[in-house]
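Have a look at my_file06.cif; it's mmCIF, C-alpha atoms:
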```cif
data_my_file
loop_
_atom_site.label_atom_id
_atom_site.label_comp_id
_atom_site.auth_asym_id
_atom_site.auth_seq_id
_atom_site.Cartn_x
_atom_site.Cartn_y
_atom_site.Cartn_z
CA MET A 1 -76.82 17.13 51.78
CA PRO A 2 -74.47 19.84 50.72
CA ARG A 3 -71.92 18.96 48.18
CA VAL A 4 -68.28 19.13 49.13
CA LYS A 5 -66.90 21.86 47.04
CA VAL A 6 -63.38 21.52 45.79
CA ALA A 7 -61.56 24.69 46.35
CA ARG A 8 -60.65 26.29 43.06
CA LYS A 9 -56.89 26.54 42.79
CA SER A 10 -54.78 28.68 40.56
CA THR A 11 -53.51 26.89 37.46
CA ALA A 12 -50.39 28.99 37.37
CA ILE A 13 -47.17 27.16 38.00
CA ASP A 14 -44.18 28.88 39.40
CA MET A 15 -41.85 29.05 36.46
CA THR A 16 -39.02 30.85 38.17
CA ALA A 17 -36.94 27.72 38.72
CA MET A 18 -37.54 26.43 35.22
CA CYS A 19 -36.61 29.78 33.79
CA ASP A 20 -33.43 29.82 35.85
CA VAL A 21 -32.38 26.41 34.61
CA ALA A 22 -33.22 27.26 31.03
CA PHE A 23 -31.09 30.36 31.09
CA LEU A 24 -28.27 28.61 32.87
CA LEU A 25 -28.16 26.02 30.09
CA LEU A 26 -28.45 28.72 27.49
CA THR A 27 -25.48 30.58 28.95
CA PHE A 28 -23.48 27.37 28.97
CA PHE A 29 -24.23 26.64 25.34
CA ILE A 30 -23.49 30.17 24.24
CA LEU A 31 -20.14 30.17 26.00
CA THR A 32 -19.08 26.77 24.72
CA ALA A 33 -20.49 27.27 21.25
CA LYS A 34 -18.09 27.06 18.40
CA PRO A 35 -19.55 27.42 14.98
CA LYS A 36 -18.85 24.61 12.61
CA ILE A 37 -16.11 25.52 10.19
CA ASP A 38 -17.23 25.14 6.65
CA ASP A 39 -14.61 22.86 5.18
CA PRO A 40 -14.65 22.82 1.40
CA SER A 41 -12.72 19.56 1.32
CA HIS A 42 -15.74 17.69 2.81
CA ALA A 43 -13.34 15.12 4.20
CA VAL A 44 -14.89 12.36 6.27
CA VAL A 45 -12.13 11.41 8.65
CA PRO A 46 -11.56 7.76 9.52
CA PRO A 47 -12.23 6.53 13.05
CA SER A 48 -9.53 5.57 15.52
CA THR A 49 -9.31 4.83 19.22
CA GLN A 50 -7.06 7.82 19.94
CA MET A 51 -8.31 10.10 22.69
CA ILE A 52 -6.08 13.16 22.30
CA PRO A 53 -8.18 16.19 21.37
CA VAL A 54 -7.09 18.45 18.55
CA ALA A 55 -5.62 21.76 19.67
CA ASP A 56 -7.62 24.93 19.02
CA ALA A 57 -4.81 27.38 18.49
CA ASN A 58 -1.45 27.48 16.75
CA MET A 59 -2.52 24.86 14.29
CA MET A 60 -2.22 24.47 10.59
CA THR A 61 -4.16 21.80 8.81
CA VAL A 62 -3.82 20.31 5.38
CA SER A 63 -7.10 18.73 4.34
CA VAL A 64 -7.42 16.33 1.48
CA GLY A 65 -10.73 15.63 -0.15
CA GLN A 66 -11.76 14.79 -3.70
CA HIS A 67 -8.06 14.48 -4.54
CA LYS A 68 -7.49 18.15 -3.75
CA PHE A 69 -5.40 19.85 -1.11
CA PHE A 70 -6.78 22.50 1.20
CA PHE A 71 -4.90 24.52 3.76
CA SER A 72 -5.89 26.32 6.93
CA VAL A 73 -4.18 28.14 9.77
CA THR A 74 -5.96 29.07 12.99
CA GLU A 75 -4.36 32.50 13.51
CA GLN A 76 -5.53 35.40 11.39
CA ASP A 77 -2.32 37.40 11.55
CA VAL A 78 -0.34 34.33 10.51
CA ARG A 79 -2.62 33.91 7.51
CA ALA A 80 -1.95 37.48 6.46
CA GLY A 81 1.79 37.05 6.98
CA ALA A 82 1.87 33.85 4.97
CA LEU A 83 -0.11 35.48 2.15
CA LYS A 84 2.39 38.32 1.89
CA ALA A 85 5.34 35.95 1.83
CA MET A 86 3.64 33.78 -0.78
CA GLY A 87 2.87 36.85 -2.87
CA ASP A 88 6.53 37.84 -2.80
CA LYS A 89 7.57 34.35 -3.80
CA TYR A 90 5.20 34.00 -6.71
CA GLY A 91 5.25 37.65 -7.79
CA VAL A 92 1.66 38.48 -6.88
CA THR A 93 0.77 41.63 -4.97
CA PHE A 94 -2.35 41.65 -2.87
CA THR A 95 -4.34 44.75 -1.95
CA PRO A 96 -5.10 45.40 1.74
CA GLU A 97 -8.72 44.37 1.10
CA GLU A 98 -7.61 41.06 -0.35
CA THR A 99 -5.26 40.46 2.57
CA GLN A 100 -8.07 41.30 4.95
CA ARG A 101 -10.40 38.92 3.18
CA PHE A 102 -7.79 36.21 3.13
CA SER A 103 -7.14 36.51 6.87
CA LEU A 104 -10.84 35.86 7.42
CA THR A 105 -10.90 32.81 5.17
CA GLN A 106 -10.64 29.75 7.35
CA VAL A 107 -9.98 27.07 4.79
CA PHE A 108 -8.94 27.56 1.20
CA GLY A 109 -7.78 25.35 -1.61
CA VAL A 110 -6.83 27.38 -4.63
CA PRO A 111 -3.56 27.46 -6.58
CA MET A 112 -1.62 30.74 -6.58
CA LYS A 113 -2.75 31.70 -10.07
CA GLN A 114 -6.37 31.41 -8.97
CA LEU A 115 -5.95 33.01 -5.57
CA LYS A 116 -6.52 36.60 -6.68
CA SER A 117 -9.81 35.84 -8.37
CA PHE A 118 -10.78 33.74 -5.35
CA LEU A 119 -10.19 36.71 -3.04
CA ASP A 120 -12.02 39.09 -5.36
CA THR A 121 -15.14 36.96 -5.31
CA GLU A 122 -17.90 38.36 -3.15
CA PRO A 123 -18.42 36.36 0.07
CA ASP A 124 -21.94 35.30 -0.93
CA GLN A 125 -20.64 33.95 -4.22
CA LEU A 126 -17.80 31.96 -2.64
CA LYS A 127 -19.90 28.83 -2.26
CA ASN A 128 -20.13 28.57 -6.04
CA PHE A 129 -16.43 29.21 -6.54
CA LYS A 130 -14.80 26.04 -7.71
CA GLN A 131 -11.66 25.57 -5.66
CA GLU A 132 -9.14 23.59 -7.64
CA GLY A 133 -6.96 22.62 -4.71
CA ILE A 134 -3.46 23.76 -3.86
CA GLN A 135 -0.82 22.58 -6.29
CA ALA A 136 1.40 19.98 -4.69
CA ASP A 137 3.87 17.31 -5.67
CA THR A 138 6.90 15.66 -4.15
CA THR A 139 9.43 18.17 -5.47
CA ASN A 140 11.18 20.71 -3.32
CA ASN A 141 9.31 23.69 -4.64
CA ASN A 142 5.58 23.34 -4.79
CA GLU A 143 2.83 25.60 -3.51
CA LEU A 144 1.74 23.39 -0.64
CA PHE A 145 5.32 23.16 0.60
CA ASN A 146 5.63 26.93 0.46
CA TRP A 147 2.32 27.58 2.19
CA ILE A 148 3.38 25.39 5.08
CA TYR A 149 6.83 26.93 5.16
CA THR A 150 5.71 30.57 5.01
CA SER A 151 3.04 29.95 7.65
CA ARG A 152 5.62 28.50 9.98
CA GLN A 153 7.89 31.45 9.36
CA ALA A 154 5.06 33.92 9.96
CA GLU A 155 4.14 32.17 13.20
CA LYS A 156 7.74 32.27 14.35
CA ALA A 157 8.05 35.96 13.51
CA LEU A 158 4.73 37.02 15.01
CA HIS A 159 4.33 34.82 18.07
CA ASP A 160 7.72 33.13 18.44
CA LYS A 161 6.00 29.76 18.58
CA ASP A 162 5.95 26.66 16.48
CA LEU A 163 2.87 25.88 14.49
CA GLN A 164 1.54 22.43 15.06
CA MET A 165 0.82 20.46 11.94
CA SER A 166 -2.12 18.21 11.33
CA ILE A 167 -3.42 16.26 8.38
CA LYS A 168 -7.10 15.81 7.81
CA ALA A 169 -7.85 13.48 4.97
CA ASP A 170 -10.87 11.69 3.67
CA SER A 171 -11.02 7.98 4.57
CA LYS A 172 -11.15 6.94 0.95
CA GLU A 173 -8.24 9.12 -0.15
CA ASP A 174 -5.38 7.12 -1.66
CA TYR A 175 -2.09 6.91 0.17
CA PRO A 176 0.00 8.77 -2.47
CA TYR A 177 -1.83 12.00 -1.56
CA ILE A 178 -0.90 11.53 2.08
CA ASN A 179 2.62 10.69 1.02
CA THR A 180 2.81 13.99 -0.88
CA ILE A 181 1.98 15.91 2.29
CA ILE A 182 4.36 13.88 4.41
CA SER A 183 7.20 14.41 1.98
CA CYS A 184 6.48 18.17 1.96
CA LEU A 185 6.77 18.12 5.75
CA GLU A 186 9.87 15.96 5.80
CA LYS A 187 11.63 18.31 3.39
CA GLN A 188 11.27 21.13 5.88
CA LYS A 189 12.31 18.91 8.75
CA LEU A 190 8.88 18.69 10.26
CA PHE A 191 8.67 15.16 11.49
CA LYS A 192 6.03 15.38 14.16
CA PHE A 193 2.44 15.90 13.19
CA ASP A 194 -1.09 14.78 13.92
CA LEU A 195 -3.55 12.80 11.88
CA ILE A 196 -7.08 13.92 12.60
CA THR A 197 -9.50 11.11 13.28
CA SER A 198 -12.93 10.71 14.78
CA LEU A 199 -13.49 8.78 17.96
CA LYS A 200 -14.28 5.10 17.94
CA THR A 201 -14.76 3.11 21.11
CA ALA A 202 -11.61 1.33 22.14
CA PRO A 203 -11.65 -2.45 22.13
CA LYS A 204 -11.81 -4.15 25.47
CA LYS A 205 -8.53 -5.55 26.56
CA MET B 1 -53.47 34.19 30.68
CA ALA B 2 -52.22 31.22 32.60
CA GLU B 3 -52.98 32.71 35.89
CA LEU B 4 -56.35 32.92 37.44
CA ASP B 5 -57.08 35.81 39.63
CA THR B 6 -57.97 34.26 42.93
CA SER B 7 -57.65 37.29 45.07
CA GLY B 8 -60.91 38.55 46.39
CA GLY B 9 -62.03 41.73 44.82
CA GLY B 10 -64.26 42.87 47.61
CA LYS B 11 -64.88 46.50 48.15
CA HIS B 12 -64.19 48.06 51.44
CA LYS B 13 -67.02 49.95 52.87
CA GLY B 14 -66.10 53.49 53.46
CA GLY B 15 -62.62 54.28 54.62
CA LYS B 16 -59.78 55.43 52.47
CA ILE B 17 -59.60 54.54 48.84
CA ARG B 18 -56.59 52.37 48.50
CA SER B 19 -54.75 51.72 45.32
CA LYS B 20 -55.26 48.13 44.29
CA LYS B 21 -52.28 46.00 45.21
CA ALA B 22 -50.93 44.58 41.98
CA SER B 23 -49.53 41.08 42.00
CA THR B 24 -45.75 40.96 41.70
CA ARG B 25 -45.86 37.76 39.70
CA VAL B 26 -44.81 38.00 36.15
CA ASP B 27 -45.91 35.51 33.59
CA LEU B 28 -42.70 33.65 32.70
CA THR B 29 -44.16 31.32 30.10
CA ALA B 30 -43.04 33.30 27.12
CA MET B 31 -39.58 33.81 28.54
CA VAL B 32 -39.12 30.11 29.21
CA ASP B 33 -40.33 29.32 25.71
CA LEU B 34 -37.76 31.63 24.25
CA ALA B 35 -34.98 30.30 26.44
CA PHE B 36 -35.65 26.72 25.40
CA LEU B 37 -35.85 27.71 21.78
CA LEU B 38 -32.40 29.27 21.99
CA ILE B 39 -31.02 26.26 23.86
CA THR B 40 -32.25 23.99 21.10
CA PHE B 41 -30.66 26.23 18.50
CA PHE B 42 -27.29 26.27 20.22
CA MET B 43 -27.37 22.54 20.84
CA TYR B 44 -27.85 21.89 17.16
CA THR B 45 -25.22 24.30 15.93
CA THR B 46 -22.35 23.46 18.25
CA THR B 47 -19.92 20.71 17.52
CA LEU B 48 -20.14 18.59 20.60
CA GLN B 49 -17.72 15.94 19.51
CA LYS B 50 -14.31 17.36 18.93
CA PRO B 51 -12.13 15.57 16.43
CA LYS B 52 -9.27 13.57 17.87
CA ALA B 53 -5.67 13.62 16.85
CA MET B 54 -3.29 10.78 16.30
CA ASN B 55 0.34 11.66 16.82
CA LEU B 56 2.72 10.48 14.17
CA VAL B 57 6.45 10.92 14.27
CA MET B 58 8.42 10.23 11.13
CA PRO B 59 12.12 9.43 11.37
CA ASP B 60 14.48 12.29 10.62
CA ASN B 61 15.88 11.33 7.24
CA SER B 62 18.36 14.20 7.00
CA VAL B 63 20.65 13.01 9.76
CA LYS B 64 22.72 9.95 9.06
CA THR B 65 22.82 8.21 12.37
CA ASN B 66 24.54 4.98 13.14
CA ASN B 67 21.58 2.76 12.71
CA LEU B 68 21.51 -0.05 15.15
CA PRO B 69 21.20 -3.37 13.47
CA VAL B 70 17.79 -4.87 14.06
CA ALA B 71 17.42 -8.59 14.02
CA ALA B 72 15.18 -9.63 11.16
CA SER B 73 13.58 -12.21 13.38
CA ARG B 74 11.86 -9.56 15.48
CA THR B 75 10.70 -7.35 12.63
CA MET B 76 7.22 -7.62 11.26
CA THR B 77 6.52 -6.00 7.92
CA ILE B 78 2.97 -5.04 7.10
CA VAL B 79 2.20 -4.25 3.47
CA LEU B 80 -1.00 -2.33 2.92
CA GLY B 81 -2.51 -3.41 -0.36
CA GLY B 82 -5.62 -2.38 -2.25
CA HIS B 83 -9.17 -3.63 -1.64
CA ASN B 84 -8.61 -3.34 2.14
CA LYS B 85 -6.17 -6.23 2.15
CA ILE B 86 -2.97 -6.63 4.10
CA GLU B 87 0.05 -8.80 3.50
CA TRP B 88 2.42 -9.30 6.35
CA TYR B 89 5.52 -11.32 7.00
CA MET B 90 8.16 -11.70 9.66
CA GLY B 91 11.82 -11.22 8.92
CA GLU B 92 13.41 -10.33 5.63
CA PRO B 93 11.39 -9.78 2.47
CA GLY B 94 11.25 -12.70 0.09
CA LYS B 95 12.41 -15.23 2.62
CA THR B 96 8.95 -16.17 3.80
CA ALA B 97 5.75 -16.02 1.83
CA PRO B 98 3.56 -13.16 3.10
CA THR B 99 0.28 -13.93 4.81
CA VAL B 100 -2.77 -12.23 3.32
CA ASP B 101 -4.97 -10.72 6.00
CA ASN B 102 -7.85 -8.34 6.55
CA TYR B 103 -8.32 -5.38 8.84
CA GLY B 104 -10.14 -5.88 12.09
CA ALA B 105 -9.93 -7.33 15.56
CA ASN B 106 -9.85 -10.98 14.55
CA ASN B 107 -7.45 -10.65 11.68
CA ILE B 108 -4.51 -8.27 11.66
CA ARG B 109 -4.80 -7.36 15.34
CA LYS B 110 -4.61 -10.99 16.32
CA ALA B 111 -1.62 -11.50 14.02
CA ILE B 112 0.22 -8.51 15.47
CA ILE B 113 -0.42 -9.58 19.05
CA ASP B 114 0.55 -13.20 18.33
CA ASN B 115 3.76 -12.14 16.62
CA ALA B 116 4.60 -9.76 19.46
CA LYS B 117 4.13 -12.60 21.92
CA GLN B 118 6.32 -14.88 19.88
CA VAL B 119 9.07 -12.27 19.69
CA ALA B 120 8.81 -11.74 23.44
CA ALA B 121 9.14 -15.48 24.00
CA THR B 122 12.15 -16.01 21.77
CA HIS B 123 14.15 -12.88 22.64
CA THR B 124 15.40 -11.49 25.90
CA GLY B 125 15.98 -8.08 27.42
CA ASP B 126 15.68 -5.06 25.14
CA GLU B 127 15.28 -7.28 22.15
CA ALA B 128 12.02 -8.74 23.37
CA LYS B 129 10.05 -5.97 21.70
CA MET B 130 8.74 -6.45 18.21
CA GLU B 131 9.35 -3.77 15.62
CA VAL B 132 6.89 -3.10 12.86
CA VAL B 133 7.60 -1.67 9.43
CA ILE B 134 4.58 -0.40 7.55
CA HIS B 135 4.74 -0.36 3.77
CA PRO B 136 1.70 1.39 2.34
CA SER B 137 1.12 0.72 -1.32
CA GLU B 138 -0.29 3.21 -3.80
CA LYS B 139 -3.64 1.50 -3.60
CA ALA B 140 -3.97 1.77 0.15
CA THR B 141 -6.35 4.41 1.46
CA TYR B 142 -5.87 6.88 4.27
CA GLU B 143 -8.35 4.89 6.31
CA ASN B 144 -6.09 1.83 5.98
CA LEU B 145 -3.09 3.80 7.20
CA VAL B 146 -4.97 5.19 10.19
CA ALA B 147 -6.35 1.74 10.98
CA ILE B 148 -2.92 0.17 11.03
CA LEU B 149 -1.43 2.99 13.11
CA ASP B 150 -4.30 2.53 15.49
CA GLU B 151 -3.49 -1.17 15.71
CA MET B 152 0.03 -0.16 16.77
CA SER B 153 -1.34 1.71 19.76
CA ILE B 154 -3.85 -1.02 20.57
CA ALA B 155 -1.18 -3.72 20.47
CA ASN B 156 1.19 -1.38 22.34
CA ILE B 157 3.91 -1.57 19.68
CA LYS B 158 6.31 1.23 20.50
CA ILE B 159 8.68 1.00 17.56
CA TYR B 160 7.16 1.29 14.13
CA ALA B 161 7.87 3.21 10.98
CA ILE B 162 6.22 4.03 7.69
CA VAL B 163 8.61 3.14 4.90
CA LYS B 164 8.42 3.18 1.12
CA ILE B 165 7.12 -0.05 -0.35
CA LEU B 166 9.59 -2.43 -2.03
CA PRO B 167 9.11 -3.30 -5.73
CA MET B 168 9.13 -6.94 -4.78
CA GLU B 169 6.15 -6.47 -2.49
CA VAL B 170 4.27 -4.63 -5.21
CA GLU B 171 4.79 -7.64 -7.46
CA ASP B 172 3.50 -9.89 -4.74
CA LEU B 173 0.40 -7.74 -4.20
CA LYS B 174 -0.31 -7.84 -7.92
CA LYS B 175 0.13 -11.58 -7.96
CA ASN B 176 -2.37 -12.00 -5.13
CA ASN B 177 -4.88 -9.63 -6.74
CA ASN B 178 -4.52 -7.13 -3.94
CA TRP B 179 -3.49 -4.25 -6.15
#
```
Take the structure in this file and express it as structure tokens.
Amino acid sequence: MPRVKVARKSTAIDMTAMCDVAFLLLTFFILTAKPKIDDPSHAVVPPSTQMIPVADANMMTVSVGQHKFFFSVTEQDVRAGALKAMGDKYGVTFTPEETQRFSLTQVFGVPMKQLKSFLDTEPDQLKNFKQEGIQADTTNNNELFNWIYTSRQAEKALHDKDLQMSIKADSKEDYPYINTIISCLEKQKLFKFDLITSLKTAPKK
Amino acid sequence: MAELDTSGGGKHKGGKIRSKKASTRVDLTAMVDLAFLLITFFMYTTTLQKPKAMNLVMPDNSVKTNNLPVAASRTMTIVLGGHNKIEWYMGEPGKTAPTVDNYGANNIRKAIIDNAKQVAATHTGDEAKMEVVIHPSEKATYENLVAILDEMSIANIKIYAIVKILPMEVEDLKKNNNW
């Protein structure tokens, strides 16, 4: 009796569809990708049930972590404008290279007297640079107040828009630090701002 | 590699010599591998969960407006103490002993909602809404402040303000070991 022979089939699978899907997903991820911003404040934000997403543009953020203040503005040209104004105020002149480097720095937290050495540090050494935090208190003339003020002025001059303010603080940070920021904002008649939080599921009603 | 050649390789007798028809199939395995590798990389590096913002509006302290008198009976004052403790009271400070409470759904949230209900029951019209004054102490953390502001939105309290703590309340917090 002859054996029934099973026809030998090709083991190749058609991968065209799989390849299509893979590349579609890849394109999606590339387009939506936003690199994580390295925040030197390492603030772990507290959770809340708020659902409003944080804006991507026209934002300035004061971060508080390890009892230090850090400042960031989303627009590069505003950063450069604010740096120039701050330099004029505190009598520091910055070279074009330093301005360029500053406009590429996303988050910084150094007092004015340290800023020049911060900007002269090579980018690969920046991780080891100990940022002391921006000087701030509740008086009318402190560095944090002026950074916020000059950034707002630069934004107004360059884009004719208002910078939105947000505060990003570590959960365990004491209230007086937050109060310092709020009083800086109140002194320049900025009464509306955002507190950055992470999402927590809302309680059932 | 992954493909077996199943086409017959028979030779034609005589006739023209034809060029061998090459298969148009390309081996996609390597390409798919690479694509998935990149997908994995991008999935890990992107921030999928965007941070959320909580709007906060502080009262304009530079303009002296004619402040409307607010009945003390519909004002709830929440004092944020240290060690994640809260002291709250209705009405004027010092008149009633503050209640010590904790954060969370069964504690402060319940108190806020109960007080709001009571205010709604005893007042009419525009006055039926409770107003909350938040007094954060020096020992309160940012998390405490965010938690209490969040409670405002959960309990649907529309009128609330963050105000400087009174010395009397500080004394009370110290007395109750919540400093």
Next on the checklist: With 7 Å as the limit and counting all atoms listed in the file, what residues in chain B lie close to chain A? Please list them as a ChimeraX atom specification.
Outcome noted: /B:2-4,6,28,32,35-36,38-39,42-43,45-47,50-60,138-143,147,150
Expand the PyMOL selection byres ((chain B and resi 169) around 9) into the explicit residue set it covers here, and present it as a VMD selection string. chain B and resid 79 87 93 to 94 135 137 165 to 168 170 to 174
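Computed from the coordinates, the CA of Gln114 (chain A) to CA of Ser183 (chain A) distance equals 24.4 Å.
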CA of Phe145 (chain A) to CA of Ser117 (chain A) measures 21.7 Å
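Candidate residues B:Thr29, B:Asn176, B:Ser23, B:Thr75 were compared for distance to Ala128 (chain B), and the nearest is B:Thr75, using only C-alpha atoms.
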| field | Polymer residues at most 12 Å from region 80-82 of chain A, only C-alpha atoms, same-chain spacing of 4 or more positions, as a PyMOL selection string | value | chain A and resi 60+71-76+86-89+94-106+143-144+146-159
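Residue nearest Val100 (chain B) within the list B:Met76, B:Ile86, B:Ile17, B:Ala116: B:Ile86 [criterion: smallest interatomic distance, only C-alpha atoms].
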The distance between CA of Thr180 (chain A) and CA of Phe69 (chain A) is 10.1 Å
Written as a list in words, which residues does the PyMOL selection byres ((chain A and resi 110) around 8) give for the file shown? Phe70, Phe108, Gly109, Pro111, Met112, Gln114, Leu115, Phe118, Gln131, Glu132, Gly133, Ile134 and Gln135 of chain A
For Asn178 (chain B), work out the shell of residues within 7 Å, counting only C-alpha atoms and skipping chain neighbours fewer than 5 positions away, then give it as a ChimeraX atom specification. /B:81-83,85,173
Requested in this report: Could you tell me which residues the PyMOL selection byres ((chain B and resi 74) around 6) returns for this structure, as an MDAnalysis selection string?
Outcome: chainID B and resid 71:73 75 119 130
Residues from the last selection, C-alpha atoms, saved as a compact mmCIF listing (two decimals), in the frame of the given file:
```
# COMPACT_ATOMS: atom_id res chain seq x y z
CA ALA B 71 17.42 -8.59 14.02
CA ALA B 72 15.18 -9.63 11.16
CA SER B 73 13.58 -12.21 13.38
CA THR B 75 10.70 -7.35 12.63
CA VAL B 119 9.07 -12.27 19.69
CA MET B 130 8.74 -6.45 18.21
```
Enclose all atoms of region 76-86 of chain B listed in the file in an axis-aligned box, grow every side by 5 Å, and hand back centre and edge lengths in Å to one decimal, as lines of an AutoDock Vina configuration file.
```
center_x = -1.0
center_y = -5.0
center_z = 4.5
size_x = 26.4
size_y = 15.3
size_z = 23.5
```
